[in-house]
Amino acid sequence: MNVAWGSRLSSETKGLDVLGIRALDQNIEASLTNGLTTISIRARYISILPWALGQYFVEESAGGPVRHDKDALAVYLNRVRFLVLAATFVDEGASRIGAMGSDFYLDEMTALVAGKTVSMPDSGNVAVLGTYFGPASALGLVESRPESSGLPFGLTARGTIMYQERNAALESTRLLNLLREGGDLDYDTARAAVPAFSLARIAEFGREVELLREAFEEAWVPESSLAAKRVAQAYQRMTDTRSWLDRELELEPAGASELIARNYDRAVLEGAVGIELEWATFEWHRRVHFALELLLAAMTRRLLDEGSMSVAQVVALWSSHTVGSEPLTDHWNSPVDVAALIVQPGTFSGGLLRSSDFHLEPHIQAIRAFEILVTQARDAQSIGITPGASSGASAPSARAIQLVGDGVGTLGAVLRVICDECVAQRHIANTMRKMGNQQDCSLRFYPEGPVLVPTDIDFSPNYSGSRLQNTMRILADIGMLNIGGSGVTAANVTD
């Protein structure tokens with residue numbers, strides 16, 4: 001009974017974390033980068049946001065107590081985003097990486113660079129707020145306000161200083177009127193906005209970069225002692241990460257992916273403590289989660305090709321394939337500990353796993369997933385990681401590693417249990433949870449009695465995104481790290 005779910009679902013969300021397991025590794029890394037995220041890319045938005053919020057509410061309160069108008073604020077913030085984009089585009093040689101709205105307003109930017117006049121937007125967009133409020137809050141520049149205050153957020157003492165610094169240089173310019181009222185933006189005005197709004201000019205605008213450095217280096221102090229302890233711990237972990245970057249980059253310049261892989265391989269060979277262990281733990285979880293997503297991809301593809309099947313039938317179909325170049329395909333019925341011995345040590349060392357290397361036939365994807373899980377079970381012992389220590393023994397990653405490490409049953413039987421407990425059940429439960437929270441459906445299959453019924457959406461396994469590259473770029477923006485000529489290769493920390 002392959003009902004109309006499939007045709008309808010194809011227009012719904014394709015989903016990213018469809019197993020609902022990536023939060024664990026993402027939370028580990030988030031704790032090491034103090035609020036910086038996979039989408040917060042440039043430092044200047046962090047300093048512009050408190051100024052923009054302060055300027056908007058100051059102007060709104062000119063006639064009396066301010067009342068929050070979310071639509072009007074969205075228009076204002078969209079104009080700020082547009083002006084940052086325009087100033088960056090007309091700033092010759094400025095890096096446009098991370099410039100928000102560049103895809104949406106590319107035609108306008110092309111015209112502006114050619115010397116034409118463009119219109120400031122009259123539509124609303126809160127992307128800058130959504131992307132940079134978290135980092136700015138973690139650095140003590142903005143804060144959420146209680147509902148009773150009438151405003152959802154406001155500036156801290158540190159954010160007020162940032163606002164005042166920028167406002168002193170901008171209060172008498174035409175730029176404020178453009179942001180408030182909209183209208184036409186010509187090339188000369190965009191050029192005049194470069195010092196205050198180009199993403200590349202943060203170090204040349206008053207004390208802005210100095211204040212941002214202070215925000216990154218000196219913990220702010222919340223009113224609550226418990227909150228103050230959490231803030232101090234977050235700053236210490238970020239300080240440790242910066243020190244780790246410094247040590248690593250003194251050895252050899254590298255980008256974020258190379259640093260993570262290099263640290264992980266060394267942790268496997270030598271063990272790890274402190275911040276090196278934290279980053280190795282993050283990568284360890286990413287690899288386990290990638291293995292489980294490989295199994296989800298293999299299951300989804302087999303169901304799409306063959307139609308409704310039980311988990312046992314899917315695994316039986318995988319095990320019917322023997323591939324001469326893949327020794328493990330001869331061991332589907334071998335004890336799992338015997339099959340594990342065929343996985344060579346260091347199979348996945350020497351760099352991060354690349355999703356593009358795993359676009360394989362479903363039965364080979366399943367074998368690769370098993371190889372990764374075997375490797376991760378070994379690596380956990382070498383590094384000093386206890387699977388489940390940070391997530392509970394029932395978490396999919398911990399359960400999968402336990403099933404592989406126990407050595408009970410055949411290779412096929414162990415993969416069948418992992419695919420059932422850690423993949424199929426997890427995927428269905430996670431999707432139903434999201435739908436219960438009014439999110440779109442991302443089911444790749446759903447249960448109907450003993451079988452799984454495919455929808456018409458394929459699935460590609462992938463890694464969780466990393467914050468480290470964005471962290472390095474933001475530190476580079478404020479002069480705390482150098483970025484090499486390739487744009488992604490980092491060099492030594494500077495004063």
# chains A, B, ... in the order shown; residues from 1 in each chain; ligands from 1
>>> select_by_dssp(residues="region 107-289 of chain A", states="strand (DSSP E or B)", output="list in words")
Val118, Ser119, Val142, Glu143, Ser144, Phe153, Gly154, Leu155, Asp184, Leu185 and Ala254 of chain A
>>> residues_around(residues="Ala190 (chain A)", least_positions_apart="5", cutoff="7 Å", atoms="only C-alpha atoms", output="PyMOL selection string")
chain A and resi 86-87+90+185
>>> closest_residue(among="A:Gln381, A:Asn470, A:Asn263, A:Ser149", to="Ile97 (chain A)", atoms="only C-alpha atoms")
A:Asn470
>>> closest_residue(among="A:Leu179, A:Ala366, A:Ala196, A:Leu468", to="Asn34 (chain A)", atoms="only C-alpha atoms")
A:Leu468
>>> residues_around(residues="region 353-360 of chain A", least_positions_apart="5", cutoff="10 Å", atoms="only C-alpha atoms", output="list in words")
Ser257, Ala261, Arg286, Arg287, Phe290, Leu294, Ala297, Ala298, Phe348, Gln365, Ala366, Arg368, Ala369, Ile372, Ser460, Pro461, Asn462 and Tyr463 of chain A
>>> residues_around(residues="region 47-54 of chain A", least_positions_apart="4", cutoff="8 Å", atoms="only C-alpha atoms", output="list in words")
Ala43, Val58, Leu77, Val80, Val128, Leu129, Tyr132, Phe133, Ala136, Leu141, Val142, Gly154, Leu155, Gly159, Thr160, Met162, Tyr163, Gln164, Arg166, Asn167, Phe197, Glu208 and Leu212 of chain A
>>> residues_around(residues="Thr471 (chain A)", least_positions_apart="2", cutoff="9 Å", atoms="only C-alpha atoms", output="mmCIF file with C-alpha atoms, in the first residue's frame")
data_model
loop_
_atom_site.group_PDB
_atom_site.id
_atom_site.type_symbol
_atom_site.label_atom_id
_atom_site.label_comp_id
_atom_site.auth_asym_id
_atom_site.auth_seq_id
_atom_site.Cartn_x
_atom_site.Cartn_y
_atom_site.Cartn_z
ATOM 1 C CA THR A 33 33.524 28.177 20.192
ATOM 2 C CA LEU A 36 29.806 31.029 17.052
ATOM 3 C CA THR A 37 27.828 28.828 14.685
ATOM 4 C CA THR A 38 27.978 27.051 11.347
ATOM 5 C CA SER A 40 27.935 33.001 11.607
ATOM 6 C CA ILE A 41 30.832 33.761 9.290
ATOM 7 C CA ARG A 42 31.969 37.407 9.610
ATOM 8 C CA ARG A 467 32.020 25.855 13.358
ATOM 9 C CA LEU A 468 35.796 25.884 13.391
ATOM 10 C CA GLN A 469 36.334 27.440 9.957
ATOM 11 C CA ARG A 473 37.561 33.524 9.876
ATOM 12 C CA ILE A 474 35.926 35.680 12.543
ATOM 13 C CA LEU A 475 39.146 35.707 14.574
ATOM 14 C CA ALA A 476 40.966 36.710 11.393
#
>>> select_by_dssp(residues="region 32-104 of chain A", states="alpha helix (DSSP H)", output="PyMOL selection string")
chain A and resi 44-60+70-90
>>> closest_residue(among="A:Ser61, A:Ser95, A:Ser224, A:Thr281", to="Ser382 (chain A)", atoms="only C-alpha atoms")
A:Thr281
